[in-house]
Each structure stands twice: as C-alpha cells, then as structure tokens.
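Containing compact mmCIF, C-alpha atoms: structure_9.txt.
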# COMPACT_ATOMS: atom_id res chain seq x y z
CA MET A 1 95.10 16.28 83.37
CA PRO A 2 96.03 12.63 82.81
CA SER A 3 94.84 11.22 79.50
CA VAL A 4 92.03 8.70 79.20
CA GLN A 5 94.70 6.15 78.29
CA GLU A 6 96.53 6.81 81.57
CA LEU A 7 93.37 6.84 83.68
CA LEU A 8 92.24 3.51 82.25
CA SER A 9 95.56 1.70 81.95
CA TYR A 10 95.44 -1.92 83.05
CA ARG A 11 97.61 -1.04 86.06
CA GLU A 12 95.27 1.75 87.17
CA LEU A 13 92.18 -0.43 86.73
CA ILE A 14 93.70 -3.30 88.73
CA ASP A 15 94.69 -0.94 91.54
CA TYR A 16 91.30 0.78 91.54
CA THR A 17 89.17 -2.37 91.56
CA LYS A 18 91.45 -3.97 94.17
CA VAL A 19 90.75 -1.11 96.59
CA ARG A 20 87.09 -0.67 95.73
CA GLU A 21 84.76 -2.96 97.65
CA PRO A 22 81.35 -3.33 95.98
CA GLN A 23 78.50 -3.83 98.41
CA LYS A 24 77.98 -7.54 99.05
CA LYS A 25 74.82 -9.05 97.63
CA LYS A 26 72.51 -10.78 100.11
CA LEU A 27 72.66 -14.24 98.56
CA GLU A 28 76.45 -14.29 98.68
CA GLU A 29 75.91 -15.38 102.29
CA LEU A 30 74.43 -18.64 100.98
CA PHE A 31 76.75 -19.02 97.98
CA PRO A 32 80.16 -17.60 98.98
CA VAL A 33 82.66 -16.65 96.29
CA ARG A 34 85.58 -18.83 95.24
CA LYS A 35 88.05 -18.36 92.39
CA THR A 36 88.80 -21.32 90.14
CA GLU A 37 91.20 -21.89 87.27
CA ALA A 38 88.67 -24.12 85.52
CA LEU A 39 86.19 -23.11 82.84
CA GLU A 40 84.19 -26.33 83.25
CA VAL A 41 83.23 -27.63 86.69
CA LYS A 42 81.62 -30.72 88.18
CA MET A 43 78.20 -29.82 89.53
CA ILE A 44 77.56 -32.29 92.36
CA ARG A 45 73.90 -33.21 92.73
CA GLY A 46 72.57 -33.94 96.20
CA ALA A 47 75.78 -34.06 98.22
CA ASN A 48 74.33 -35.44 101.44
CA ASN A 49 77.16 -34.78 103.90
CA LEU A 50 75.73 -36.33 107.03
CA PRO A 51 78.58 -38.03 108.94
CA VAL A 52 79.08 -41.78 108.48
CA SER A 53 79.70 -43.75 111.65
CA ALA A 54 82.56 -46.16 112.13
CA SER A 55 81.75 -49.60 113.62
CA ILE A 56 82.66 -51.07 116.98
CA HIS A 57 85.04 -54.03 116.70
CA ALA A 58 86.01 -56.88 118.98
CA PHE A 59 89.70 -56.95 119.83
CA ASP A 60 91.92 -58.79 117.34
CA THR A 61 89.43 -58.38 114.47
CA GLU A 62 90.17 -56.82 111.09
CA THR A 63 89.27 -53.14 110.67
CA GLU A 64 86.18 -52.45 108.57
CA ILE A 65 87.02 -51.04 105.12
CA ASP A 66 85.56 -47.64 104.32
CA GLN A 67 84.15 -46.74 100.88
CA ARG A 68 84.06 -43.39 99.18
CA GLU A 69 80.51 -42.40 98.36
CA LYS A 70 79.69 -42.13 94.69
CA ALA A 71 78.50 -38.63 93.93
CA SER A 72 76.17 -37.84 91.06
CA TYR A 73 77.34 -34.84 89.08
CA ASP A 74 76.99 -32.98 85.81
CA LEU A 75 79.64 -31.04 83.95
CA ALA A 76 78.76 -27.38 83.50
CA GLU A 77 80.57 -24.51 81.83
CA LEU A 78 81.01 -21.19 83.59
CA ALA A 79 78.89 -18.48 82.00
CA LEU A 80 80.65 -15.59 80.26
CA ILE A 81 79.21 -12.30 81.57
CA LYS A 82 80.31 -8.97 80.08
CA ARG A 83 79.21 -5.40 79.47
CA LYS A 84 80.83 -2.26 78.04
CA ARG A 85 80.36 1.51 77.86
CA LYS A 86 81.47 3.94 75.22
CA LEU A 87 83.20 7.31 75.47
CA SER A 88 82.26 9.17 72.30
CA GLU A 89 84.46 11.55 70.26
CA LYS A 90 82.86 14.57 71.93
CA GLU A 91 83.35 13.11 75.41
CA ILE A 92 86.99 12.32 74.67
CA ILE A 93 87.66 15.94 73.64
CA GLN A 94 85.94 17.23 76.78
CA LEU A 95 87.93 14.85 78.97
CA GLU A 96 91.29 15.65 77.37
CA GLN A 97 90.82 19.43 77.40
CA PRO A 98 88.90 20.54 80.51
CA ARG A 99 88.43 24.25 81.05
CA ASN A 100 89.26 24.27 84.77
CA ASP A 101 90.16 22.06 87.75
CA ALA A 102 86.55 21.46 88.70
CA GLU A 103 85.71 20.22 85.21
CA GLU A 104 88.82 17.99 85.27
CA LYS A 105 87.81 16.46 88.59
CA GLU A 106 84.28 15.90 87.33
CA ALA A 107 85.57 14.26 84.16
CA ILE A 108 87.79 11.84 86.10
CA GLN A 109 84.94 10.97 88.46
CA ARG A 110 82.66 10.29 85.50
CA ILE A 111 85.14 7.75 84.13
CA TYR A 112 85.39 5.88 87.42
CA ASN A 113 81.63 6.02 87.86
CA ASP A 114 81.46 4.09 84.58
CA VAL A 115 83.98 1.57 85.92
CA ASP A 116 81.91 1.12 89.09
CA ALA A 117 78.67 0.69 87.13
CA LEU A 118 80.16 -1.92 84.80
CA GLN A 119 81.69 -3.93 87.64
CA ASP A 120 78.37 -3.82 89.51
CA SER A 121 76.44 -4.90 86.40
CA VAL A 122 78.42 -8.15 86.21
CA LEU A 123 77.98 -8.80 89.95
CA THR A 124 74.26 -8.08 89.57
CA ARG A 125 73.91 -10.82 86.92
CA VAL A 126 75.70 -13.23 89.25
CA GLU A 127 73.30 -12.40 92.09
CA ALA A 128 70.39 -13.00 89.73
CA MET A 129 71.75 -16.51 89.12
CA ARG A 130 71.90 -17.14 92.87
CA GLY A 131 68.32 -15.95 93.30
CA GLU A 132 67.02 -18.11 90.45
CA ALA A 133 68.81 -21.17 91.83
CA MET A 134 67.53 -20.60 95.36
CA SER A 135 63.91 -19.95 94.39
CA SER A 136 63.48 -22.54 91.61
CA GLY A 137 66.30 -25.07 91.95
CA LYS A 138 67.29 -24.41 88.34
CA LEU A 139 69.09 -21.97 86.06
CA VAL A 140 67.55 -21.28 82.66
CA ILE A 141 69.72 -19.00 80.52
CA ASN A 142 68.86 -17.71 77.05
CA GLU A 143 70.85 -14.54 76.35
CA ASN A 144 72.98 -13.25 73.48
CA GLY A 145 73.19 -16.58 71.69
CA TYR A 146 73.90 -18.60 74.86
CA LYS A 147 71.34 -21.20 75.93
CA ALA A 148 71.71 -23.47 78.94
CA THR A 149 69.54 -25.15 81.55
CA ILE A 150 71.02 -26.40 84.81
CA ASP A 151 68.86 -28.55 87.07
CA TYR A 152 70.48 -28.62 90.51
CA GLY A 153 68.52 -31.69 91.55
CA VAL A 154 65.95 -30.51 94.09
CA PRO A 155 63.79 -33.66 94.45
CA ASN A 156 60.25 -33.37 93.13
CA ALA A 157 59.08 -34.47 96.58
CA HIS A 158 60.72 -31.29 97.93
CA LYS A 159 58.57 -29.00 95.78
CA LYS A 160 54.95 -28.13 96.46
CA GLU A 161 52.37 -25.41 95.92
CA PHE A 162 50.35 -24.04 98.84
CA THR A 163 47.35 -21.68 98.80
CA TRP A 164 47.57 -19.24 101.68
CA SER A 165 45.88 -16.10 100.34
CA SER A 166 42.33 -17.50 100.34
CA GLY A 167 40.17 -20.00 102.18
CA THR A 168 41.33 -21.30 105.57
CA PRO A 169 44.98 -22.24 105.07
CA ASP A 170 46.95 -24.27 107.58
CA ILE A 171 50.22 -22.36 107.29
CA LEU A 172 51.85 -23.82 110.37
CA GLY A 173 50.79 -27.32 109.34
CA ASN A 174 52.22 -26.78 105.86
CA MET A 175 55.53 -25.59 107.32
CA ASP A 176 55.68 -28.57 109.65
CA GLU A 177 55.01 -30.87 106.69
CA CYS A 178 57.93 -29.41 104.72
CA VAL A 179 60.30 -29.63 107.68
CA ASP A 180 59.34 -33.25 108.38
CA LYS A 181 59.89 -34.20 104.73
CA ILE A 182 63.44 -32.81 104.66
CA VAL A 183 64.35 -34.38 108.00
CA SER A 184 62.91 -37.73 106.91
CA ASP A 185 64.67 -37.71 103.52
CA THR A 186 68.05 -36.21 104.44
CA GLY A 187 68.49 -36.06 108.21
CA PHE A 188 69.01 -32.30 108.02
CA THR A 189 66.71 -29.90 109.87
CA PRO A 190 65.68 -26.69 108.10
CA THR A 191 66.38 -23.67 110.29
CA ARG A 192 65.70 -20.85 107.82
CA VAL A 193 63.12 -19.82 105.28
CA LEU A 194 63.71 -17.20 102.60
CA THR A 195 60.64 -15.58 101.09
CA SER A 196 59.20 -12.21 100.07
CA LYS A 197 57.57 -9.47 102.09
CA LYS A 198 54.31 -10.26 100.29
CA ILE A 199 54.27 -13.84 101.62
CA LEU A 200 55.45 -12.69 105.05
CA ASN A 201 52.51 -10.28 105.22
CA VAL A 202 50.11 -13.14 104.42
CA MET A 203 51.55 -14.99 107.44
CA LEU A 204 51.37 -11.91 109.67
CA LYS A 205 47.67 -11.46 108.82
CA ASP A 206 46.72 -15.13 109.16
CA GLU A 207 43.96 -15.46 111.75
CA THR A 208 45.10 -18.84 113.09
CA ILE A 209 48.67 -17.63 113.66
CA ARG A 210 47.51 -14.39 115.28
CA LYS A 211 45.17 -16.21 117.68
CA ALA A 212 47.91 -18.69 118.58
CA ILE A 213 50.25 -15.81 119.50
CA PHE A 214 47.89 -13.18 120.96
CA GLY A 215 44.81 -15.17 122.03
CA VAL A 216 41.94 -12.77 122.74
CA ASN A 217 44.11 -9.86 121.57
CA SER A 218 44.38 -11.25 118.01
CA ASP A 219 43.51 -7.86 116.51
CA LYS A 220 46.93 -6.62 117.59
CA LEU A 221 49.48 -6.03 114.81
CA LEU A 222 51.96 -8.89 114.49
CA SER A 223 55.64 -8.23 113.68
CA ARG A 224 58.15 -10.53 112.02
CA LYS A 225 60.17 -10.58 115.25
CA GLU A 226 57.14 -11.81 117.19
CA LEU A 227 56.33 -14.35 114.48
CA ASN A 228 59.88 -15.74 114.50
CA ALA A 229 59.86 -15.99 118.29
CA PHE A 230 56.64 -18.00 118.07
CA LEU A 231 57.99 -20.24 115.28
CA GLN A 232 61.04 -20.96 117.42
CA THR A 233 58.82 -22.35 120.17
CA LEU A 234 57.38 -24.77 117.58
CA ASP A 235 60.83 -25.76 116.27
CA LEU A 236 59.96 -24.22 112.92
CA PRO A 237 62.40 -22.22 110.76
CA GLN A 238 63.00 -18.49 111.10
CA ILE A 239 61.65 -16.24 108.34
CA ALA A 240 63.83 -13.83 106.33
CA THR A 241 62.77 -11.79 103.29
CA TYR A 242 64.53 -10.65 100.13
CA ASP A 243 62.76 -8.20 97.84
CA ALA A 244 65.63 -6.42 96.07
CA LYS A 245 65.32 -5.77 92.34
CA TYR A 246 67.59 -5.09 89.39
CA ARG A 247 67.02 -3.95 85.81
CA THR A 248 67.73 -5.42 82.41
CA LEU A 249 68.30 -3.32 79.28
CA SER A 250 66.76 -4.41 75.97
CA LEU A 251 68.15 -3.64 72.52
CA ASP A 252 65.59 -0.85 72.10
CA GLY A 253 66.95 0.91 75.19
CA LYS A 254 64.09 0.06 77.55
CA HIS A 255 64.72 -1.02 81.13
CA THR A 256 62.74 -3.80 82.79
CA ALA A 257 62.72 -4.28 86.57
CA LYS A 258 63.14 -7.84 87.83
CA ARG A 259 63.43 -9.54 91.21
CA TYR A 260 66.48 -11.48 92.29
CA PHE A 261 64.30 -13.89 94.30
CA ALA A 262 60.82 -14.95 93.12
CA GLU A 263 58.00 -13.24 94.99
CA ASP A 264 55.97 -16.44 95.45
CA ALA A 265 58.92 -18.56 96.66
CA PHE A 266 59.15 -19.97 100.18
CA ALA A 267 62.50 -21.74 100.44
CA PHE A 268 63.36 -23.91 103.47
CA MET A 269 67.06 -24.59 104.11
CA PRO A 270 69.37 -25.89 106.85
CA ASP A 271 72.27 -23.99 108.43
CA GLY A 272 75.46 -23.39 106.47
CA ASP A 273 76.34 -22.65 102.86
CA MET A 274 74.12 -23.95 100.10
CA GLY A 275 76.91 -23.95 97.53
CA GLU A 276 79.47 -21.62 95.99
CA THR A 277 79.73 -18.81 93.49
CA LEU A 278 82.61 -19.79 91.23
CA PHE A 279 84.52 -17.15 89.27
CA GLY A 280 86.82 -18.52 86.59
CA LEU A 281 89.29 -17.41 83.95
CA THR A 282 88.61 -15.07 81.06
CA ALA A 283 90.66 -14.45 77.93
CA GLU A 284 91.24 -10.92 79.24
CA GLU A 285 92.74 -12.23 82.48
CA LEU A 286 95.09 -14.55 80.59
CA GLU A 287 96.38 -11.55 78.63
CA LEU A 288 96.95 -9.63 81.88
CA ARG A 289 98.95 -12.53 83.30
CA LYS A 290 101.45 -12.17 80.47
CA LYS A 291 102.46 -8.71 81.70
CA SER A 292 105.61 -8.70 83.80
CA ASP A 293 104.36 -6.10 86.29
CA VAL A 294 101.09 -7.89 87.13
CA ASP A 295 100.82 -10.19 90.12
CA ILE A 296 98.00 -12.65 89.38
CA THR A 297 96.90 -12.51 93.01
CA GLU A 298 95.97 -8.85 92.46
CA ILE A 299 93.53 -9.67 89.67
CA GLY A 300 89.93 -9.62 90.86
CA ASN A 301 86.98 -11.78 89.88
CA VAL A 302 85.68 -9.15 87.45
CA ILE A 303 88.21 -7.92 84.89
CA LEU A 304 88.01 -4.27 83.81
CA GLU A 305 89.77 -3.18 80.64
CA HIS A 306 89.95 -0.23 78.28
CA TYR A 307 90.40 -0.28 74.52
CA ALA A 308 90.01 2.09 71.59
CA THR A 309 88.39 1.99 68.15
CA ASN A 310 89.32 4.29 65.28
CA ASP A 311 86.32 4.88 63.03
CA PRO A 312 84.53 6.57 64.61
CA VAL A 313 87.08 7.34 67.30
CA ALA A 314 85.88 5.98 70.62
CA LYS A 315 87.16 4.69 73.93
CA TRP A 316 85.52 1.66 75.51
CA ILE A 317 85.45 0.39 79.09
CA LYS A 318 84.54 -3.28 79.46
CA ALA A 319 83.81 -5.51 82.45
CA VAL A 320 84.00 -9.27 82.01
CA ALA A 321 83.88 -12.41 84.16
CA THR A 322 83.07 -16.09 83.92
CA ALA A 323 80.89 -17.30 86.76
CA LEU A 324 78.53 -20.04 87.86
CA VAL A 325 76.56 -20.93 90.98
CA THR A 326 76.93 -24.43 92.41
CA PHE A 327 74.21 -25.93 94.62
CA PRO A 328 75.36 -29.28 96.07
CA CYS A 329 72.93 -28.95 98.98
CA ALA A 330 69.91 -28.76 96.67
CA ASP A 331 68.45 -32.00 98.05
CA GLN A 332 68.42 -30.50 101.56
CA VAL A 333 66.01 -27.67 100.69
CA PHE A 334 62.24 -27.56 100.23
CA LEU A 335 60.92 -25.11 97.66
CA GLY A 336 57.39 -24.03 98.43
CA LYS A 337 55.39 -21.93 95.97
CA ILE A 338 52.73 -19.81 97.65
CA LYS A 339 49.52 -18.74 95.94

If you convert what's in this file into structure tokens, what do you get?
Amino acid sequence: MPSVQELLSYRELIDYTKVREPQKKKLEELFPVRKTEALEVKMIRGANNLPVSASIHAFDTETEIDQREKASYDLAELALIKRKRKLSEKEIIQLEQPRNDAEEKEAIQRIYNDVDALQDSVLTRVEAMRGEAMSSGKLVINENGYKATIDYGVPNAHKKEFTWSSGTPDILGNMDECVDKIVSDTGFTPTRVLTSKKILNVMLKDETIRKAIFGVNSDKLLSRKELNAFLQTLDLPQIATYDAKYRTLSLDGKHTAKRYFAEDAFAFMPDGDMGETLFGLTAEELELRKKSDVDITEIGNVILEHYATNDPVAKWIKAVATALVTFPCADQVFLGKIK
C-alpha cells in the first residue's frame, strides 16, 4: 500500500483535485468564478452599464469628445478561508498496515473522502457569501479574529418590506412597484426574482392571484409554472427559489444549520451576471509555484495540502483559498423583505 505521504503528496493532490469536479453551487450562475493574482480588489459600486449614445454631427464639424465615466469603488481584501482534518496516530497505523486488500482500498477511499469534504467546505463558505450578498446587499463577517463589513451599494430606495402573509396584500401591485422603480432609476428591467419556497407558497395561495388566473375555479391548486406563465403576461419577473442549507461547526462540536439565501428575501434582478466570485493567491499556492514540476495553470482555486506534526504524531489535510464576491450590479436589483 502507498504511504500516507505518497497518497497526499502535492503532486497527487493537484492531480486529484484537477480531475474532481465538485457540484456547482446555484449562485455561481449569478457570480461566476474568476481567478485573480491580487489579494486586494476594487469593489465597483453601482456600475450602470447602459450604453452611451454617440451624437449626430453635421459634415465638417469636430468629433464630440468622449469621457470615461467615474466609477465609485471601495478597496476590499479577499477573505482567507481554510479548514483542516487530522489523521491520528491510531489511524496512521491502520492506514500504513492494512490487513487485506479490502481494508487497504477502504483506507485510501477514506483519505480522499476527507480531501473532498475539505474542498467542499471551502466552496460552501464561498456560496454562503454569495447568498448573503444577494439577499441583503452586504457581507458581514466576524469569524476567527477576522471582522469586515462590505456594503455593495444597493440604494435604500431599492429596499422595502412587504406584508403578504396577513391582511389583503397586493402582491402583484408590490411587484410592479419594484420593477418600475428599477426601470426608472437604472433603465434595466428585472426579469428574475429569487426567493424561498415559503414566500412562493404565499404567492401560490394568494386569493387575488388565484382568481386572476383561474377565475371561478380559484380553488384549483396553483403551480409555480402556471404562476410564472401568468406573470409573463403582465411583464413581471419569473420566480425561482433557493432553499439549500449548510452547517457550521462551533468550538464545542455542535453543528448549526443555516440557509445560503435568506428565507424572507425576494430579490429582483435583470438578466446577466450580478458580479464575480474572485479566487486569489494563498501562501500555500506561492510555495507550490516554486516547485519545478508544477505548472501554475494546474493549480485550482482551492489549495489542498498535507503536513505532519510530531508530538503527538499526526497527519493533517488542509484546504485553503482566498475569495471574495463582487457585486457591481447591486444598484440594478431590488431587495424585498417579505413578512
């Protein structure tokens, strides 16, 4: 059997993570991944990218001079995200001296299961940043001695609370109000809404919406497909939901389930990307680049490495990345909060 050192060599880990394709997170569609060499990036606030028209000129007149638009931005540092797992003395002995082929195969699989879990844990934290940005327009981080608040610049006029779960709400009127506000302020038309199944169910049960779709048959069950078809006839955005959860682990070993995207959020957005997910350099990656047999293009966004400690004897597997979500289109969204 190969030793733990051989199984977890930097070359093996690069080759393994290069081939492995973790399942894409949903919000990566809105914030696609890009690698950067920078550790500090310019966070552009409200990058309104509507086209600017040239002017018509009379013949033999001087051409109008264009001007670059001044963008408002903040400098932000990519967040360092890392996690590690330990192979204890007993586990090392079991891995190095298996009793048969089946036990050897199981031991190897257990090691790579740890690699998978650590890589996924880093990507999970990145998805949580996307969800927080998309549902609140901000990132508030207070973990392991690191504190930071990033306000992406969603205008206050693009944030509002609505009560839909009681009384006689005007859901369609509220949606129309949000759409009109974005169009009026930015020129962009929202085509999509991201929310939770809980809020979607409130819409599906709304008496006014059901009567508008089914008329006298308003007792009929309404589906999201039927709702979206109806919204399309009103030039209102299509509804999508995101209810996935992840867990955090406290120092006392307890897990807490959390949502990527807030359950009461109702986020309007136009077509296209909302920003990017930037992955930057780590100290571990810079060390890998010094090795003559490593092509830097093979190095992924999440670095996996193995190291040993002597007292007590242990082997460690660590996953590390620097990452940050940018949101230059924050002024083109409307963030509703539904009660």

Exercise for review: Tell me which of A:Ala257, A:Leu278, A:Leu288, A:Leu172 sits closest to Gln232 (chain A), counting only C-alpha atoms.
Suggested key: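 Residue with the minimum atom-to-atom distance to Gln232 (chain A): A:Leu172.
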
Check your understanding: Of the residues A:Leu87, A:Val140, A:Ile81, A:Leu286, which is the one nearest to Leu123 (chain A), using only C-alpha atoms?
Key ->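 Counting only C-alpha atoms, the residue closest to Leu123 (chain A) is A:Ile81.
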
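The smallest atom-to-atom distance between Asn174 (chain A) and any of A:Ile108, A:Leu200, A:Leu236, A:Val313, using all atoms listed in the file, is found for A:Leu236.
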
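Atom to atom, CA of Ala212 (chain A) and CA of Glu177 (chain A) stand 18.4 Å apart.
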
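CA of Ile111 (chain A) lies 28.8 Å from CA of Arg34 (chain A).
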
Point to revise | Contacts of region 154-163 of chain A within 8 Å, all atoms listed in the file, excl. fewer than 5 positions in-chain, as an NGL selection string | key: :A and (46 or 137 or 169 or 174 or 178 or 181-182 or 330-339)

Save out the residues we just selected, C-alpha atoms, as a JSON list (two decimals), keeping the file's coordinate frame.
[["chain", "number", "residue", "atom", "x", "y", "z"],
["A", 46, "GLY", "CA", 72.57, -33.94, 96.20],
["A", 137, "GLY", "CA", 66.30, -25.07, 91.95],
["A", 169, "PRO", "CA", 44.98, -22.24, 105.07],
["A", 174, "ASN", "CA", 52.22, -26.78, 105.86],
["A", 178, "CYS", "CA", 57.93, -29.41, 104.72],
["A", 181, "LYS", "CA", 59.89, -34.20, 104.73],
["A", 182, "ILE", "CA", 63.44, -32.81, 104.66],
["A", 330, "ALA", "CA", 69.91, -28.76, 96.67],
["A", 331, "ASP", "CA", 68.45, -32.00, 98.05],
["A", 332, "GLN", "CA", 68.42, -30.50, 101.56],
["A", 333, "VAL", "CA", 66.01, -27.67, 100.69],
["A", 334, "PHE", "CA", 62.24, -27.56, 100.23],
["A", 335, "LEU", "CA", 60.92, -25.11, 97.66],
["A", 336, "GLY", "CA", 57.39, -24.03, 98.43],
["A", 337, "LYS", "CA", 55.39, -21.93, 95.97],
["A", 338, "ILE", "CA", 52.73, -19.81, 97.65],
["A", 339, "LYS", "CA", 49.52, -18.74, 95.94]]

Practice item. May I have the protein, DNA and RNA residues with an atom at most 8 Å from (85.1, -12.0, 86.3), counting all atoms listed in the file in the file's coordinates, returned as a PyMOL selection string? Key: chain A and resi 81+122+279-282+300-303+319-323

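Atom pair CA of Lys35 (chain A) / CA of Lys290 (chain A): separated by 19.0 Å.
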
Practice item. Counting only C-alpha atoms, select every polymer residue within 12 Å of (74.9, -25.7, 89.1) as defined in the file's coordinates, and provide the selection as a PyMOL selection string. Key: chain A and resi 31+40-46+73-79+129-130+132-134+137-140+148-154+274-278+323-330

**Study point:** Counting all atoms listed in the file, the residue of A:Ile93, A:Leu304, A:Val126, A:Val216 that sits nearest Thr17 (chain A)
**Key:**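 Among the listed residues, the smallest separation from Thr17 (chain A) belongs to A:Leu304.
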
For region 289-321 of chain A, which lacks atoms in the input, supply N, CA and C atoms and format the output as a PDB file, in the coordinates of the input.
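Final file, result-v9.pdb:
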ATOM      1  N   ARG A 289      97.936 -11.706  82.644  1.00  0.00           N
ATOM      2  CA  ARG A 289      98.950 -12.530  83.300  1.00  0.00           C
ATOM      3  C   ARG A 289     100.282 -12.537  82.539  1.00  0.00           C
ATOM      4  N   LYS A 290     100.227 -12.196  81.269  1.00  0.00           N
ATOM      5  CA  LYS A 290     101.450 -12.170  80.470  1.00  0.00           C
ATOM      6  C   LYS A 290     102.309 -10.938  80.749  1.00  0.00           C
ATOM      7  N   LYS A 291     101.734  -9.955  81.438  1.00  0.00           N
ATOM      8  CA  LYS A 291     102.460  -8.710  81.700  1.00  0.00           C
ATOM      9  C   LYS A 291     103.364  -8.881  82.905  1.00  0.00           C
ATOM     10  N   SER A 292     104.596  -8.456  82.775  1.00  0.00           N
ATOM     11  CA  SER A 292     105.610  -8.700  83.800  1.00  0.00           C
ATOM     12  C   SER A 292     105.333  -7.973  85.115  1.00  0.00           C
ATOM     13  N   ASP A 293     104.591  -6.873  85.073  1.00  0.00           N
ATOM     14  CA  ASP A 293     104.360  -6.100  86.290  1.00  0.00           C
ATOM     15  C   ASP A 293     103.002  -6.398  86.935  1.00  0.00           C
ATOM     16  N   VAL A 294     102.383  -7.514  86.558  1.00  0.00           N
ATOM     17  CA  VAL A 294     101.090  -7.890  87.130  1.00  0.00           C
ATOM     18  C   VAL A 294     101.242  -9.149  87.955  1.00  0.00           C
ATOM     19  N   ASP A 295     100.868  -9.040  89.221  1.00  0.00           N
ATOM     20  CA  ASP A 295     100.820 -10.190  90.120  1.00  0.00           C
ATOM     21  C   ASP A 295      99.425 -10.791  89.995  1.00  0.00           C
ATOM     22  N   ILE A 296      99.317 -12.069  89.638  1.00  0.00           N
ATOM     23  CA  ILE A 296      98.000 -12.650  89.380  1.00  0.00           C
ATOM     24  C   ILE A 296      97.112 -12.635  90.615  1.00  0.00           C
ATOM     25  N   THR A 297      97.715 -12.559  91.794  1.00  0.00           N
ATOM     26  CA  THR A 297      96.900 -12.510  93.010  1.00  0.00           C
ATOM     27  C   THR A 297      96.181 -11.174  93.159  1.00  0.00           C
ATOM     28  N   GLU A 298      96.615 -10.161  92.396  1.00  0.00           N
ATOM     29  CA  GLU A 298      95.970  -8.850  92.460  1.00  0.00           C
ATOM     30  C   GLU A 298      94.745  -8.771  91.552  1.00  0.00           C
ATOM     31  N   ILE A 299      94.622  -9.719  90.646  1.00  0.00           N
ATOM     32  CA  ILE A 299      93.530  -9.670  89.670  1.00  0.00           C
ATOM     33  C   ILE A 299      92.238 -10.120  90.324  1.00  0.00           C
ATOM     34  N   GLY A 300      91.204  -9.312  90.214  1.00  0.00           N
ATOM     35  CA  GLY A 300      89.930  -9.620  90.860  1.00  0.00           C
ATOM     36  C   GLY A 300      89.090 -10.603  90.063  1.00  0.00           C
ATOM     37  N   ASN A 301      87.886 -10.849  90.554  1.00  0.00           N
ATOM     38  CA  ASN A 301      86.980 -11.780  89.880  1.00  0.00           C
ATOM     39  C   ASN A 301      86.361 -11.181  88.628  1.00  0.00           C
ATOM     40  N   VAL A 302      86.206  -9.849  88.619  1.00  0.00           N
ATOM     41  CA  VAL A 302      85.680  -9.150  87.450  1.00  0.00           C
ATOM     42  C   VAL A 302      86.820  -8.347  86.833  1.00  0.00           C
ATOM     43  N   ILE A 303      87.111  -8.614  85.576  1.00  0.00           N
ATOM     44  CA  ILE A 303      88.210  -7.920  84.890  1.00  0.00           C
ATOM     45  C   ILE A 303      87.674  -6.660  84.221  1.00  0.00           C
ATOM     46  N   LEU A 304      88.340  -5.534  84.467  1.00  0.00           N
ATOM     47  CA  LEU A 304      88.010  -4.270  83.810  1.00  0.00           C
ATOM     48  C   LEU A 304      89.116  -3.931  82.825  1.00  0.00           C
ATOM     49  N   GLU A 305      88.757  -3.562  81.619  1.00  0.00           N
ATOM     50  CA  GLU A 305      89.770  -3.180  80.640  1.00  0.00           C
ATOM     51  C   GLU A 305      89.269  -2.028  79.779  1.00  0.00           C
ATOM     52  N   HIS A 306      90.245  -1.363  79.154  1.00  0.00           N
ATOM     53  CA  HIS A 306      89.950  -0.230  78.280  1.00  0.00           C
ATOM     54  C   HIS A 306      90.574  -0.506  76.915  1.00  0.00           C
ATOM     55  N   TYR A 307      89.828  -0.157  75.867  1.00  0.00           N
ATOM     56  CA  TYR A 307      90.400  -0.280  74.520  1.00  0.00           C
ATOM     57  C   TYR A 307      89.802   0.808  73.649  1.00  0.00           C
ATOM     58  N   ALA A 308      90.417   1.012  72.478  1.00  0.00           N
ATOM     59  CA  ALA A 308      90.010   2.090  71.590  1.00  0.00           C
ATOM     60  C   ALA A 308      89.619   1.544  70.222  1.00  0.00           C
ATOM     61  N   THR A 309      88.704   2.251  69.563  1.00  0.00           N
ATOM     62  CA  THR A 309      88.390   1.990  68.150  1.00  0.00           C
ATOM     63  C   THR A 309      88.623   3.278  67.376  1.00  0.00           C
ATOM     64  N   ASN A 310      88.854   3.143  66.068  1.00  0.00           N
ATOM     65  CA  ASN A 310      89.320   4.290  65.280  1.00  0.00           C
ATOM     66  C   ASN A 310      88.273   4.974  64.425  1.00  0.00           C
ATOM     67  N   ASP A 311      87.244   4.260  63.973  1.00  0.00           N
ATOM     68  CA  ASP A 311      86.320   4.880  63.030  1.00  0.00           C
ATOM     69  C   ASP A 311      84.886   4.445  63.322  1.00  0.00           C
ATOM     70  N   PRO A 312      84.129   5.281  64.035  1.00  0.00           N
ATOM     71  CA  PRO A 312      84.530   6.570  64.610  1.00  0.00           C
ATOM     72  C   PRO A 312      85.427   6.369  65.828  1.00  0.00           C
ATOM     73  N   VAL A 313      86.187   7.410  66.152  1.00  0.00           N
ATOM     74  CA  VAL A 313      87.080   7.340  67.300  1.00  0.00           C
ATOM     75  C   VAL A 313      86.245   7.185  68.574  1.00  0.00           C
ATOM     76  N   ALA A 314      86.612   6.219  69.369  1.00  0.00           N
ATOM     77  CA  ALA A 314      85.880   5.980  70.620  1.00  0.00           C
ATOM     78  C   ALA A 314      86.782   5.254  71.597  1.00  0.00           C
ATOM     79  N   LYS A 315      86.510   5.446  72.861  1.00  0.00           N
ATOM     80  CA  LYS A 315      87.160   4.690  73.930  1.00  0.00           C
ATOM     81  C   LYS A 315      86.088   3.816  74.589  1.00  0.00           C
ATOM     82  N   TRP A 316      86.460   2.596  74.907  1.00  0.00           N
ATOM     83  CA  TRP A 316      85.520   1.660  75.510  1.00  0.00           C
ATOM     84  C   TRP A 316      86.045   1.165  76.843  1.00  0.00           C
ATOM     85  N   ILE A 317      85.135   1.027  77.816  1.00  0.00           N
ATOM     86  CA  ILE A 317      85.450   0.390  79.090  1.00  0.00           C
ATOM     87  C   ILE A 317      84.604  -0.872  79.175  1.00  0.00           C
ATOM     88  N   LYS A 318      85.254  -1.992  79.456  1.00  0.00           N
ATOM     89  CA  LYS A 318      84.540  -3.280  79.460  1.00  0.00           C
ATOM     90  C   LYS A 318      84.777  -4.006  80.778  1.00  0.00           C
ATOM     91  N   ALA A 319      83.715  -4.629  81.281  1.00  0.00           N
ATOM     92  CA  ALA A 319      83.810  -5.510  82.450  1.00  0.00           C
ATOM     93  C   ALA A 319      83.456  -6.911  82.002  1.00  0.00           C
ATOM     94  N   VAL A 320      84.233  -7.894  82.467  1.00  0.00           N
ATOM     95  CA  VAL A 320      84.000  -9.270  82.010  1.00  0.00           C
ATOM     96  C   VAL A 320      84.350 -10.253  83.132  1.00  0.00           C
ATOM     97  N   ALA A 321      83.599 -11.341  83.197  1.00  0.00           N
ATOM     98  CA  ALA A 321      83.880 -12.410  84.160  1.00  0.00           C
ATOM     99  C   ALA A 321      83.266 -13.697  83.628  1.00  0.00           C
TER     100      ALA A 321
END
